[in-house]
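Asks: Provided herewith: structure-v3.csv, CSV, C-alpha atoms and all ligand atoms.
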```csv
chain,number,residue,atom,x,y,z
I,1,MET,CA,-48.9,77.2,45.1
I,2,ALA,CA,-51.6,74.6,44.6
I,3,GLU,CA,-53.5,73.3,47.6
I,4,PHE,CA,-54.5,69.6,48.0
I,5,CYS,CA,-56.6,67.6,50.4
I,6,ALA,CA,-54.9,65.2,52.8
I,7,LEU,CA,-55.7,63.1,55.9
I,8,VAL,CA,-53.2,64.5,58.4
I,9,LEU,CA,-52.3,62.7,61.7
I,10,HIS,CA,-51.5,64.9,64.7
I,11,GLU,CA,-50.1,63.8,68.1
I,12,GLU,CA,-52.2,65.4,70.8
I,13,GLY,CA,-52.0,64.5,74.5
I,14,GLY,CA,-50.3,61.2,73.7
I,15,LYS,CA,-53.0,60.2,71.1
I,16,VAL,CA,-52.9,60.2,67.3
I,17,VAL,CA,-55.7,62.4,66.0
I,18,PRO,CA,-56.7,62.3,62.2
I,19,ARG,CA,-58.0,65.4,60.4
I,20,LEU,CA,-58.9,66.1,56.8
I,21,GLU,CA,-56.9,69.3,55.9
I,22,SER,CA,-56.0,71.4,52.9
I,23,LEU,CA,-52.2,71.6,52.4
I,24,ASP,CA,-49.9,73.6,50.3
I,25,GLU,CA,-47.8,71.7,47.8
I,26,ALA,CA,-44.7,73.4,49.2
I,27,ARG,CA,-45.2,71.1,52.3
I,28,LEU,CA,-44.6,67.9,50.3
I,29,PRO,CA,-41.3,66.2,51.2
I,30,PRO,CA,-38.4,66.5,48.8
I,31,GLY,CA,-38.3,63.9,45.9
I,32,GLU,CA,-37.9,63.7,42.2
I,33,VAL,CA,-41.5,62.8,41.2
I,34,THR,CA,-44.7,64.6,42.1
I,35,VAL,CA,-47.8,62.4,41.7
I,36,ALA,CA,-51.5,63.3,41.5
I,37,VAL,CA,-52.8,60.4,43.7
I,38,GLU,CA,-56.1,58.9,42.4
I,39,TYR,CA,-56.5,55.9,44.7
I,40,SER,CA,-54.9,54.6,47.9
I,41,THR,CA,-55.8,51.7,50.1
I,42,LEU,CA,-56.1,50.4,53.7
I,43,ASN,CA,-53.6,47.8,54.7
I,44,TYR,CA,-53.0,46.2,58.1
I,45,LYS,CA,-50.0,48.5,58.6
I,46,ASP,CA,-52.1,51.6,57.7
I,47,GLY,CA,-54.4,50.5,60.5
I,48,MET,CA,-51.5,50.4,63.0
I,49,ILE,CA,-50.3,53.8,61.8
I,50,LEU,CA,-53.7,55.4,62.1
I,51,GLU,CA,-54.1,53.9,65.6
I,52,GLY,CA,-50.6,55.1,66.6
I,53,GLN,CA,-49.4,51.5,67.2
I,54,GLY,CA,-45.9,50.1,66.8
I,55,ARG,CA,-44.0,53.4,66.9
I,56,LEU,CA,-44.0,53.3,63.0
I,57,VAL,CA,-44.3,57.1,62.7
I,58,ARG,CA,-41.7,59.2,64.5
I,59,ALA,CA,-42.7,62.7,63.4
I,60,TYR,CA,-46.1,64.5,63.4
I,61,PRO,CA,-48.0,66.0,61.6
I,62,HIS,CA,-47.9,63.1,59.3
I,63,VAL,CA,-49.7,62.0,56.1
I,64,PRO,CA,-50.2,58.2,56.2
I,65,GLY,CA,-50.9,55.8,53.4
I,66,VAL,CA,-48.3,53.1,52.5
I,67,ASP,CA,-49.6,52.7,48.9
I,68,PHE,CA,-50.8,55.0,46.2
I,69,ALA,CA,-51.6,54.9,42.4
I,70,GLY,CA,-51.9,58.0,40.3
I,71,THR,CA,-50.4,60.0,37.5
I,72,VAL,CA,-47.1,61.8,37.3
I,73,LEU,CA,-47.6,65.6,37.5
I,74,ALA,CA,-43.9,66.7,37.5
I,75,SER,CA,-40.6,64.8,37.3
I,76,ASP,CA,-36.9,65.6,37.6
I,77,SER,CA,-36.1,62.0,36.6
I,78,PRO,CA,-35.6,61.0,33.0
I,79,GLU,CA,-37.5,57.8,33.9
I,80,PHE,CA,-40.9,59.4,34.3
I,81,ARG,CA,-42.8,62.1,32.4
I,82,PRO,CA,-45.9,64.0,33.3
I,83,GLY,CA,-48.9,61.8,32.5
I,84,ASP,CA,-47.2,58.5,33.3
I,85,PRO,CA,-49.4,56.1,35.3
I,86,VAL,CA,-47.5,54.9,38.4
I,87,ILE,CA,-47.8,52.7,41.5
I,88,LEU,CA,-46.1,53.0,44.9
I,89,THR,CA,-46.0,50.4,47.6
I,90,GLY,CA,-43.7,50.2,50.6
I,91,TRP,CA,-40.3,51.8,50.9
I,92,ARG,CA,-41.6,53.0,54.3
I,93,VAL,CA,-43.6,55.7,52.5
I,94,GLY,CA,-46.6,56.6,54.8
I,95,GLU,CA,-44.3,55.7,57.8
I,96,VAL,CA,-41.1,57.7,57.7
I,97,GLN,CA,-42.2,60.0,55.0
I,98,TRP,CA,-45.6,61.3,53.8
I,99,GLY,CA,-47.7,58.8,52.0
I,100,GLY,CA,-50.8,58.3,49.8
I,101,TYR,CA,-53.7,59.6,51.9
I,102,ALA,CA,-53.5,62.8,50.0
I,103,GLU,CA,-54.3,64.2,46.5
I,104,ARG,CA,-50.5,64.8,46.0
I,105,ALA,CA,-47.4,62.8,46.9
I,106,ARG,CA,-43.7,63.3,46.2
I,107,VAL,CA,-41.2,60.5,46.2
I,108,PRO,CA,-37.8,59.4,44.7
I,109,ALA,CA,-38.2,58.0,41.1
I,110,SER,CA,-36.7,54.7,42.2
I,111,PHE,CA,-39.7,54.1,44.5
I,112,LEU,CA,-42.2,54.1,41.6
I,113,VAL,CA,-43.3,51.3,39.4
I,114,ARG,CA,-45.0,52.0,36.1
I,115,ARG,CA,-48.6,50.7,36.3
I,116,PRO,CA,-49.0,47.7,33.9
I,117,ALA,CA,-51.4,48.4,31.0
I,118,GLY,CA,-53.8,45.7,32.1
I,119,LEU,CA,-54.6,47.4,35.4
I,120,THR,CA,-56.5,50.6,36.2
I,121,ALA,CA,-55.3,52.8,39.1
I,122,ARG,CA,-58.3,51.5,41.2
I,123,GLN,CA,-57.5,47.9,40.4
I,124,ALA,CA,-53.8,48.5,41.3
I,125,MET,CA,-54.9,49.8,44.7
I,126,ALA,CA,-57.4,47.0,45.2
I,127,ILE,CA,-54.2,44.9,45.0
I,128,GLY,CA,-52.0,47.3,47.0
I,129,THR,CA,-49.3,46.1,49.4
I,130,ALA,CA,-51.5,43.2,50.5
I,131,GLY,CA,-51.9,41.8,47.0
I,132,PHE,CA,-48.3,42.6,46.0
I,133,THR,CA,-47.2,40.6,49.1
I,134,ALA,CA,-49.4,37.7,48.1
I,135,MET,CA,-47.8,37.7,44.6
I,136,LEU,CA,-44.3,37.8,46.1
I,137,ALA,CA,-45.3,34.8,48.3
I,138,VAL,CA,-46.5,32.9,45.2
I,139,MET,CA,-43.3,33.7,43.3
I,140,ALA,CA,-41.2,32.6,46.3
I,141,LEU,CA,-43.0,29.3,46.5
I,142,GLU,CA,-42.6,28.8,42.7
I,143,LYS,CA,-38.8,29.5,43.0
I,144,HIS,CA,-38.7,26.7,45.6
I,145,GLY,CA,-40.4,24.2,43.4
I,146,LEU,CA,-44.2,24.7,43.7
I,147,ALA,CA,-45.8,24.0,40.4
I,148,PRO,CA,-49.3,22.6,39.5
I,149,ASP,CA,-49.1,18.8,39.6
I,150,THR,CA,-51.4,15.9,39.1
I,151,GLY,CA,-50.3,13.5,41.8
I,152,PRO,CA,-52.7,12.8,44.8
I,153,GLY,CA,-52.8,15.9,47.0
I,154,ALA,CA,-49.9,17.3,45.0
I,155,ASN,CA,-51.9,20.5,44.2
I,156,ASP,CA,-53.1,21.2,47.8
I,157,VAL,CA,-52.0,24.6,49.0
I,158,LEU,CA,-53.0,26.3,52.2
I,159,VAL,CA,-53.7,30.0,52.8
I,160,THR,CA,-54.1,31.3,56.3
I,161,GLY,CA,-55.9,34.5,57.3
I,162,ALA,CA,-57.8,33.7,54.1
I,163,ALA,CA,-60.6,36.3,54.3
I,164,GLY,CA,-58.1,39.2,54.9
I,165,GLY,CA,-56.4,41.3,52.2
I,166,VAL,CA,-53.2,39.1,51.7
I,167,GLY,CA,-55.3,36.0,52.1
I,168,SER,CA,-58.1,36.9,49.7
I,169,ILE,CA,-55.6,37.7,46.9
I,170,ALA,CA,-53.5,34.6,47.7
I,171,VAL,CA,-56.6,32.4,47.4
I,172,SER,CA,-57.6,34.0,44.1
I,173,LEU,CA,-54.1,33.8,42.6
I,174,LEU,CA,-53.4,30.3,43.6
I,175,SER,CA,-56.7,28.9,42.4
I,176,ALA,CA,-56.3,30.8,39.1
I,177,LEU,CA,-52.9,29.2,38.7
I,178,GLY,CA,-54.4,25.7,39.0
I,179,TYR,CA,-54.0,24.8,42.7
I,180,ARG,CA,-56.6,23.3,45.0
I,181,VAL,CA,-56.7,25.9,47.7
I,182,ALA,CA,-57.6,25.2,51.4
I,183,ALA,CA,-58.6,28.5,53.0
I,184,SER,CA,-58.1,28.8,56.8
I,185,THR,CA,-60.4,31.3,58.3
I,186,GLY,CA,-62.0,32.3,61.6
I,187,ARG,CA,-65.1,33.5,59.8
I,188,PRO,CA,-67.0,30.4,58.5
I,189,GLU,CA,-69.9,32.8,57.6
I,190,LEU,CA,-67.6,33.9,54.7
I,191,ARG,CA,-67.7,30.5,53.0
I,192,ALA,CA,-69.5,31.7,49.9
I,193,TYR,CA,-67.1,34.6,49.6
I,194,LEU,CA,-64.0,32.4,49.9
I,195,GLU,CA,-65.5,29.8,47.5
I,196,GLY,CA,-66.2,32.6,45.0
I,197,LEU,CA,-62.5,33.5,45.1
I,198,GLY,CA,-61.6,29.9,44.3
I,199,ALA,CA,-61.2,28.2,47.7
I,200,ALA,CA,-62.0,24.4,47.4
I,201,GLU,CA,-62.0,23.8,51.2
I,202,LEU,CA,-62.4,25.8,54.4
I,203,ILE,CA,-60.3,25.0,57.5
I,204,ASP,CA,-61.3,26.4,60.9
I,205,ARG,CA,-58.4,28.6,62.0
I,206,ALA,CA,-58.8,27.3,65.6
I,207,ALA,CA,-57.6,23.9,64.3
I,208,LEU,CA,-54.3,25.4,63.2
I,209,ALA,CA,-53.9,27.7,66.3
I,210,ALA,CA,-53.8,24.8,68.8
I,211,LYS,CA,-50.3,23.6,69.9
I,212,PRO,CA,-49.3,20.7,67.6
I,213,GLY,CA,-49.4,17.4,69.6
I,214,ARG,CA,-46.3,16.1,67.8
I,215,PRO,CA,-43.4,17.6,65.8
I,216,LEU,CA,-44.6,16.1,62.6
I,217,ASP,CA,-48.2,15.8,61.5
I,218,ARG,CA,-49.7,14.2,58.3
I,219,GLU,CA,-48.1,15.6,55.2
I,220,ARG,CA,-50.9,17.7,53.7
I,221,TRP,CA,-49.6,20.8,51.9
I,222,ALA,CA,-47.6,21.2,48.7
I,223,GLY,CA,-47.2,24.8,49.7
I,224,ALA,CA,-48.6,27.4,52.1
I,225,ILE,CA,-49.0,31.2,52.4
I,226,ASP,CA,-49.3,32.3,56.0
I,227,ALA,CA,-50.6,35.7,57.0
I,228,VAL,CA,-51.1,34.7,60.7
I,229,GLY,CA,-47.7,33.7,62.3
I,230,GLY,CA,-47.5,32.4,65.8
I,231,MET,CA,-48.8,28.9,66.6
I,232,THR,CA,-50.6,28.8,63.2
I,233,LEU,CA,-47.3,29.0,61.3
I,234,ALA,CA,-45.7,26.4,63.7
I,235,THR,CA,-48.6,24.0,62.9
I,236,VAL,CA,-48.3,24.6,59.2
I,237,LEU,CA,-44.6,23.6,59.3
I,238,THR,CA,-45.6,20.2,60.8
I,239,GLN,CA,-48.1,19.6,57.9
I,240,LEU,CA,-46.0,20.5,54.9
I,241,LYS,CA,-45.2,17.7,52.4
I,242,TYR,CA,-41.6,16.5,52.0
I,243,ARG,CA,-39.5,19.5,50.7
I,244,ALA,CA,-42.5,21.8,50.5
I,245,SER,CA,-42.4,25.5,51.6
I,246,VAL,CA,-44.4,28.0,53.5
I,247,ALA,CA,-44.2,31.7,52.7
I,248,ALA,CA,-44.4,33.6,56.0
I,249,CYS,CA,-45.8,37.1,55.3
I,250,GLY,CA,-47.8,38.2,58.4
I,251,LEU,CA,-48.4,38.3,62.1
I,252,ALA,CA,-52.1,38.8,62.4
I,253,GLY,CA,-52.2,36.0,65.0
I,254,GLY,CA,-48.8,36.7,66.7
I,255,SER,CA,-45.1,37.4,66.1
I,256,ASP,CA,-43.7,34.4,68.0
I,257,LEU,CA,-42.8,31.1,66.4
I,258,PRO,CA,-43.2,28.2,68.8
I,259,ALA,CA,-41.9,25.6,66.5
I,260,THR,CA,-39.4,22.7,66.5
I,261,VAL,CA,-36.7,22.2,63.9
I,262,ILE,CA,-37.9,18.6,63.2
I,263,PRO,CA,-39.9,19.4,60.0
I,264,PHE,CA,-36.7,21.1,58.6
I,265,LEU,CA,-34.5,18.1,59.5
I,266,LEU,CA,-36.8,15.2,58.6
I,267,ARG,CA,-38.9,16.6,55.8
I,268,GLY,CA,-36.5,19.2,54.4
I,269,VAL,CA,-39.3,21.9,54.4
I,270,ASN,CA,-38.6,25.6,53.8
I,271,LEU,CA,-39.7,28.6,55.7
I,272,LEU,CA,-39.6,31.5,53.2
I,273,GLY,CA,-39.6,35.1,54.5
I,274,ILE,CA,-41.6,37.6,52.5
I,275,ASP,CA,-40.9,41.3,52.7
I,276,SER,CA,-42.8,43.7,50.5
I,277,VAL,CA,-41.4,47.0,51.9
I,278,MET,CA,-37.8,46.9,50.8
I,279,CYS,CA,-38.3,44.4,48.0
I,280,PRO,CA,-35.8,45.2,45.1
I,281,ARG,CA,-37.3,47.0,42.1
I,282,ASP,CA,-36.7,44.3,39.5
I,283,GLU,CA,-38.8,41.9,41.6
I,284,ARG,CA,-41.5,44.5,42.0
I,285,ILE,CA,-41.8,45.0,38.3
I,286,GLU,CA,-41.9,41.2,37.8
I,287,ALA,CA,-44.6,40.9,40.5
I,288,TRP,CA,-46.8,43.7,39.1
I,289,GLY,CA,-46.5,42.1,35.6
I,290,ARG,CA,-47.6,38.7,37.1
I,291,LEU,CA,-50.5,40.3,38.9
I,292,ALA,CA,-51.7,42.0,35.7
I,293,ARG,CA,-51.5,38.6,34.0
I,294,ASP,CA,-52.6,36.0,36.6
I,295,LEU,CA,-55.1,37.7,39.0
I,296,PRO,CA,-58.7,37.3,37.8
I,297,LEU,CA,-60.0,40.9,37.8
I,298,ALA,CA,-63.7,39.8,38.5
I,299,ARG,CA,-62.5,38.1,41.7
I,300,LEU,CA,-60.5,41.2,42.6
I,301,GLU,CA,-63.6,43.3,42.2
I,302,ALA,CA,-65.7,40.9,44.3
I,303,MET,CA,-63.3,41.3,47.3
I,304,THR,CA,-63.0,45.1,47.1
I,305,GLN,CA,-65.0,48.0,48.5
I,306,THR,CA,-64.3,51.6,47.8
I,307,VAL,CA,-64.5,54.4,50.4
I,308,PRO,CA,-63.8,58.1,50.6
I,309,LEU,CA,-60.8,59.3,52.6
I,310,ALA,CA,-63.1,60.6,55.4
I,311,GLU,CA,-64.2,57.0,56.2
I,312,VAL,CA,-60.7,55.6,56.7
I,313,PRO,CA,-60.1,56.5,60.4
I,314,ALA,CA,-63.2,54.5,61.4
I,315,LEU,CA,-62.0,51.5,59.5
I,316,ALA,CA,-58.5,51.4,61.1
I,317,PRO,CA,-59.5,49.6,64.3
I,318,ARG,CA,-61.6,47.2,62.3
I,319,ILE,CA,-58.7,46.0,60.1
I,320,LEU,CA,-56.6,45.4,63.2
I,321,LYS,CA,-59.4,43.3,64.7
I,322,GLY,CA,-59.6,41.2,61.5
I,323,GLU,CA,-63.1,42.5,60.8
I,324,VAL,CA,-62.4,43.7,57.3
I,325,ARG,CA,-63.2,41.4,54.4
I,326,GLY,CA,-60.8,41.5,51.4
I,327,ARG,CA,-59.6,44.8,50.3
I,328,ILE,CA,-60.5,48.5,50.8
I,329,VAL,CA,-59.7,51.0,48.1
I,330,ILE,CA,-59.7,54.8,49.0
I,331,ASP,CA,-60.9,57.1,46.3
I,332,LEU,CA,-59.2,60.4,46.6
I,333,ALA,CA,-61.7,62.1,44.4
I,334,ALA,CA,-64.8,60.9,46.3
I,401,LIG,P1,-56.1,41.7,57.2
I,401,LIG,O1,-56.5,42.3,58.5
I,401,LIG,O2,-56.9,42.1,56.0
I,401,LIG,O3,-56.1,40.2,57.3
I,401,LIG,C1,-55.6,39.4,58.3
I,401,LIG,C2,-56.5,38.2,58.5
I,401,LIG,O4,-55.8,37.3,59.5
I,401,LIG,C3,-57.9,38.4,59.0
I,401,LIG,O5,-58.8,38.8,58.0
I,401,LIG,C4,-58.2,37.1,59.7
I,401,LIG,O6,-58.6,36.2,58.6
I,401,LIG,C5,-56.8,36.6,60.2
I,401,LIG,N1,-56.7,36.9,61.6
I,401,LIG,C6,-56.8,38.1,62.2
I,401,LIG,N2,-56.6,38.0,63.5
I,401,LIG,C7,-56.2,36.8,63.8
I,401,LIG,C8,-55.9,36.0,64.9
I,401,LIG,N3,-55.8,36.6,66.1
I,401,LIG,N4,-55.6,34.7,64.8
I,401,LIG,C9,-55.6,34.1,63.6
I,401,LIG,N5,-56.0,34.8,62.4
I,401,LIG,C10,-56.3,36.1,62.5
I,401,LIG,O7,-54.6,42.1,57.0
I,401,LIG,P2,-53.7,41.9,55.7
I,401,LIG,O8,-54.2,40.8,54.9
I,401,LIG,O9,-53.5,43.2,55.0
I,401,LIG,O10,-52.3,41.6,56.4
I,401,LIG,C11,-52.1,40.3,57.0
I,401,LIG,C12,-50.8,40.2,57.7
I,401,LIG,O11,-49.7,40.3,56.8
I,401,LIG,C13,-50.6,41.3,58.7
I,401,LIG,O12,-49.9,40.8,59.8
I,401,LIG,C14,-49.7,42.3,58.0
I,401,LIG,O13,-48.9,43.0,58.9
I,401,LIG,C15,-48.9,41.4,57.2
I,401,LIG,N6,-48.3,42.0,56.0
I,401,LIG,C16,-47.0,41.8,55.7
I,401,LIG,C17,-46.4,42.3,54.6
I,401,LIG,C18,-45.0,41.9,54.3
I,401,LIG,O14,-44.3,42.6,53.5
I,401,LIG,N7,-44.5,40.9,54.9
I,401,LIG,C19,-47.2,43.1,53.7
I,401,LIG,C20,-48.6,43.2,54.0
I,401,LIG,C21,-49.1,42.6,55.1
I,401,LIG,P3,-59.9,35.3,58.8
I,401,LIG,O15,-61.0,36.2,59.2
I,401,LIG,O16,-60.0,34.6,57.4
I,401,LIG,O17,-59.5,34.3,59.9
```
Have the structure of the file written as structure tokens, please.

Replies:
Amino acid sequence: MAEFCALVLHEEGGKVVPRLESLDEARLPPGEVTVAVEYSTLNYKDGMILEGQGRLVRAYPHVPGVDFAGTVLASDSPEFRPGDPVILTGWRVGEVQWGGYAERARVPASFLVRRPAGLTARQAMAIGTAGFTAMLAVMALEKHGLAPDTGPGANDVLVTGAAGGVGSIAVSLLSALGYRVAASTGRPELRAYLEGLGAAELIDRAALAAKPGRPLDRERWAGAIDAVGGMTLATVLTQLKYRASVAACGLAGGSDLPATVIPFLLRGVNLLGIDSVMCPRDERIEAWGRLARDLPLARLEAMTQTVPLAEVPALAPRILKGEVRGRIVIDLAA
């Protein structure tokens, strides 16, 4: 049996301990398709799993990594053949079953999406769950009426947690689609970075994190993508234009929602929930097609750093503290 390298998490003395190990392919979980993983990525949830937070992993030893991109090695499914380029995000891979921080992965065929021709495996992982989520958020806003417009302020869209993974891709996508993007960040030193991705305006995240003084504020946003939650999301609801929507995708600032129903009742605003993990496959295929078409690849490159697997454990606490800028790709061959 072939051996492959993996980052394996062990539970020792109540702590999660990562180790790079060589594993036998026979230890891979059951599944129809075996993939030679080329790249993976570090998402916020990977940070939680590596740090043993949130009881996301129930059984150790465990191979984490909620995303991977690679090439099919063997397949029992008529849908995939050896050599096919594939992407996996979500489906709780890397949580309840072994994931992408390994040179080999095995999953059901229904979990995989064929990698679009316009994206390399590395670019697909620069996007990863974070970018896929940003695309789902854009698609949800569009389904609820967001479209580039010419009226005064009609193009103003807000992105919170803008310098993080979801935020950076949301800023790039929305500006490429023709919106005027306001980027809310707690890192004003990243102005040049965010402007390079297409942000037209920076908003101090503290301004959105303060309790709104009244249930309705000035109508500012034709749409919003929120990666922060908590008071920030509550404030965004008070600032949406009549019938506009906010796509809620994250909780980097808190999981509560201290809001009133007034913006729903008096402005007909919409709060759209975004889930990338169990998202149906047809929507996944649509989202990856859109990413290949709409995301400027030079901007994707500008927000991405690539690291070897051995460096990932040290980055996990940093992504949880909001210290990572943009996206981190993990090169399994490095
Ligand atoms: P990152 O850590 O890359 O980005 C999060 C950003 O949020 C930070 O960069 C920072 O942006 C901001 N932030 C961090 N802490 C705080 C705080 N205390 N208060 C206000 N803002 C804060 O994570 P991701 O972009 O990968 O993920 C963002 C969120 O989205 C996470 O909560 C994650 O769990 C969630 N998520 C949800 C998915 C879904 O399917 N719904 C899928 C993927 C992610 P800045 O420095 O610009 O202020």

Asks: Can you find the residues with an atom no farther than 12 Å from (-48.3, 72.3, 49.0), counting all atoms listed in the file, and report them as a ChimeraX atom specification?

Replies: /I:1-6,21-30,34,102-106

Asks: I'd like to know which of I:Met135, I:Leu56, I:Val17, I:Ala126 is closest to Asp294 (chain I), using all atoms listed in the file.

Replies: I:Met135

Asks: Give me, as an MDAnalysis selection string, the set of residues whose atoms come within 8 Å of any atom of ligand LIG 401 (chain I), counting all atoms listed in the file.

Replies: chainID I and resid 42:45 129:133 160:168 183:187 205:206 209 227:229 232 248:254 273:277 319:327

Asks: Can you work out which one of I:Gly47, I:Gly52, I:Gly31, I:Gly90 has the shortest atom-to-atom distance to Ala74 (chain I), counting all atoms listed in the file?

Replies: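 Counting all atoms listed in the file, the residue closest to Ala74 (chain I) is I:Gly31.
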
Asks: Env of Thr306 (chain I): 6 Å cut, atoms = all atoms listed in the file, seq-sep filter 2 positions within chain, self excluded. Answer as a ChimeraX atom specification.

Replies: /I:328-330

Asks: Since we have the selection now, will you write its residues out, keeping C-alpha atoms, as a compact mmCIF listing (two decimals), keeping the file's coordinate frame?

Replies:
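Writing the result to again.txt gives the following:
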```txt
# COMPACT_ATOMS: atom_id res chain seq x y z
CA ILE I 328 -60.50 48.50 50.80
CA VAL I 329 -59.70 51.00 48.10
CA ILE I 330 -59.70 54.80 49.00
```

Asks: Could you check how far CA of Ala333 (chain I) sits from CA of Ala298 (chain I), in Å to one decimal?

Replies: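 It comes out at 23.2 Å.
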
Asks: In Å to one decimal, how far is CA of Gly268 (chain I) from CA of Thr238 (chain I)?

Replies: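 Taking CA of Thr238 (chain I) as the start and CA of Gly268 (chain I) as the end point, the length is 11.2 Å.
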
Asks: Do you have the CA of Glu12 (chain I)-CA of His62 (chain I) distance handy?

Replies: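 Separating CA of Glu12 (chain I) from CA of His62 (chain I) is a distance of 12.5 Å.
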
Asks: Give me the residues within 12 Å of Pro313 (chain I) as a PDB file with C-alpha atoms, keeping the file's coordinate frame, counting all atoms listed in the file and dropping any in the same chain fewer than 5 places off.

Replies:
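Result went into selection_3.pdb, see below:
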```
ATOM      1  CA  LEU I   7     -55.700  63.100  55.900  1.00  0.00           C
ATOM      2  CA  VAL I   8     -53.200  64.500  58.400  1.00  0.00           C
ATOM      3  CA  LEU I   9     -52.300  62.700  61.700  1.00  0.00           C
ATOM      4  CA  VAL I  16     -52.900  60.200  67.300  1.00  0.00           C
ATOM      5  CA  VAL I  17     -55.700  62.400  66.000  1.00  0.00           C
ATOM      6  CA  PRO I  18     -56.700  62.300  62.200  1.00  0.00           C
ATOM      7  CA  ARG I  19     -58.000  65.400  60.400  1.00  0.00           C
ATOM      8  CA  LEU I  20     -58.900  66.100  56.800  1.00  0.00           C
ATOM      9  CA  LEU I  42     -56.100  50.400  53.700  1.00  0.00           C
ATOM     10  CA  ASP I  46     -52.100  51.600  57.700  1.00  0.00           C
ATOM     11  CA  GLY I  47     -54.400  50.500  60.500  1.00  0.00           C
ATOM     12  CA  MET I  48     -51.500  50.400  63.000  1.00  0.00           C
ATOM     13  CA  ILE I  49     -50.300  53.800  61.800  1.00  0.00           C
ATOM     14  CA  LEU I  50     -53.700  55.400  62.100  1.00  0.00           C
ATOM     15  CA  GLU I  51     -54.100  53.900  65.600  1.00  0.00           C
ATOM     16  CA  GLY I  52     -50.600  55.100  66.600  1.00  0.00           C
ATOM     17  CA  PRO I  64     -50.200  58.200  56.200  1.00  0.00           C
ATOM     18  CA  GLY I  65     -50.900  55.800  53.400  1.00  0.00           C
ATOM     19  CA  TYR I 101     -53.700  59.600  51.900  1.00  0.00           C
ATOM     20  CA  VAL I 307     -64.500  54.400  50.400  1.00  0.00           C
ATOM     21  CA  PRO I 308     -63.800  58.100  50.600  1.00  0.00           C
ATOM     22  CA  ARG I 318     -61.600  47.200  62.300  1.00  0.00           C
ATOM     23  CA  ILE I 319     -58.700  46.000  60.100  1.00  0.00           C
ATOM     24  CA  LEU I 320     -56.600  45.400  63.200  1.00  0.00           C
ATOM     25  CA  ILE I 330     -59.700  54.800  49.000  1.00  0.00           C
TER      26      ILE I 330
END
```

Asks: Would you list the contacts of Val157 (chain I) as a list in words, taking every protein, DNA or RNA residue within 9 Å and counting all atoms listed in the file, but skipping same-chain residues closer than 6 positions in sequence?

Replies: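 The contact residues come out as Leu174, Tyr179, Arg180, Val181, Ala182, Ala183, Arg220, Trp221, Ala222, Gly223, Ala224 and Ile225 of chain I.
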
Asks: Could you turn the residues from that selection into a file that holds C-alpha atoms, as a PDB file, in the frame of the given file?

Replies:
```
ATOM      1  CA  LEU I 174     -53.400  30.300  43.600  1.00  0.00           C
ATOM      2  CA  TYR I 179     -54.000  24.800  42.700  1.00  0.00           C
ATOM      3  CA  ARG I 180     -56.600  23.300  45.000  1.00  0.00           C
ATOM      4  CA  VAL I 181     -56.700  25.900  47.700  1.00  0.00           C
ATOM      5  CA  ALA I 182     -57.600  25.200  51.400  1.00  0.00           C
ATOM      6  CA  ALA I 183     -58.600  28.500  53.000  1.00  0.00           C
ATOM      7  CA  ARG I 220     -50.900  17.700  53.700  1.00  0.00           C
ATOM      8  CA  TRP I 221     -49.600  20.800  51.900  1.00  0.00           C
ATOM      9  CA  ALA I 222     -47.600  21.200  48.700  1.00  0.00           C
ATOM     10  CA  GLY I 223     -47.200  24.800  49.700  1.00  0.00           C
ATOM     11  CA  ALA I 224     -48.600  27.400  52.100  1.00  0.00           C
ATOM     12  CA  ILE I 225     -49.000  31.200  52.400  1.00  0.00           C
TER      13      ILE I 225
END
```

Asks: Reconstruct N, CA and C atoms of region 260-268 of chain I; output as a PDB file, in the frame of the given file.

Replies:
```
ATOM      1  N   THR I 260     -40.625  23.504  66.364  1.00  0.00           N
ATOM      2  CA  THR I 260     -39.400  22.700  66.500  1.00  0.00           C
ATOM      3  C   THR I 260     -38.689  22.677  65.170  1.00  0.00           C
ATOM      4  N   VAL I 261     -37.425  22.273  65.182  1.00  0.00           N
ATOM      5  CA  VAL I 261     -36.700  22.200  63.900  1.00  0.00           C
ATOM      6  C   VAL I 261     -36.939  20.848  63.192  1.00  0.00           C
ATOM      7  N   ILE I 262     -37.731  19.969  63.814  1.00  0.00           N
ATOM      8  CA  ILE I 262     -37.900  18.600  63.200  1.00  0.00           C
ATOM      9  C   ILE I 262     -38.402  18.633  61.793  1.00  0.00           C
ATOM     10  N   PRO I 263     -39.420  19.460  61.436  1.00  0.00           N
ATOM     11  CA  PRO I 263     -39.900  19.400  60.000  1.00  0.00           C
ATOM     12  C   PRO I 263     -38.753  19.834  59.044  1.00  0.00           C
ATOM     13  N   PHE I 264     -37.832  20.697  59.489  1.00  0.00           N
ATOM     14  CA  PHE I 264     -36.700  21.100  58.600  1.00  0.00           C
ATOM     15  C   PHE I 264     -35.758  19.898  58.419  1.00  0.00           C
ATOM     16  N   LEU I 265     -35.529  19.187  59.509  1.00  0.00           N
ATOM     17  CA  LEU I 265     -34.500  18.100  59.500  1.00  0.00           C
ATOM     18  C   LEU I 265     -35.037  16.835  58.852  1.00  0.00           C
ATOM     19  N   LEU I 266     -36.290  16.513  59.118  1.00  0.00           N
ATOM     20  CA  LEU I 266     -36.800  15.200  58.600  1.00  0.00           C
ATOM     21  C   LEU I 266     -37.581  15.312  57.346  1.00  0.00           C
ATOM     22  N   ARG I 267     -38.104  16.515  57.064  1.00  0.00           N
ATOM     23  CA  ARG I 267     -38.900  16.600  55.800  1.00  0.00           C
ATOM     24  C   ARG I 267     -38.251  17.641  54.845  1.00  0.00           C
ATOM     25  N   GLY I 268     -37.177  18.286  55.254  1.00  0.00           N
ATOM     26  CA  GLY I 268     -36.500  19.200  54.400  1.00  0.00           C
ATOM     27  C   GLY I 268     -37.414  20.375  53.922  1.00  0.00           C
TER      28      GLY I 268
END
```
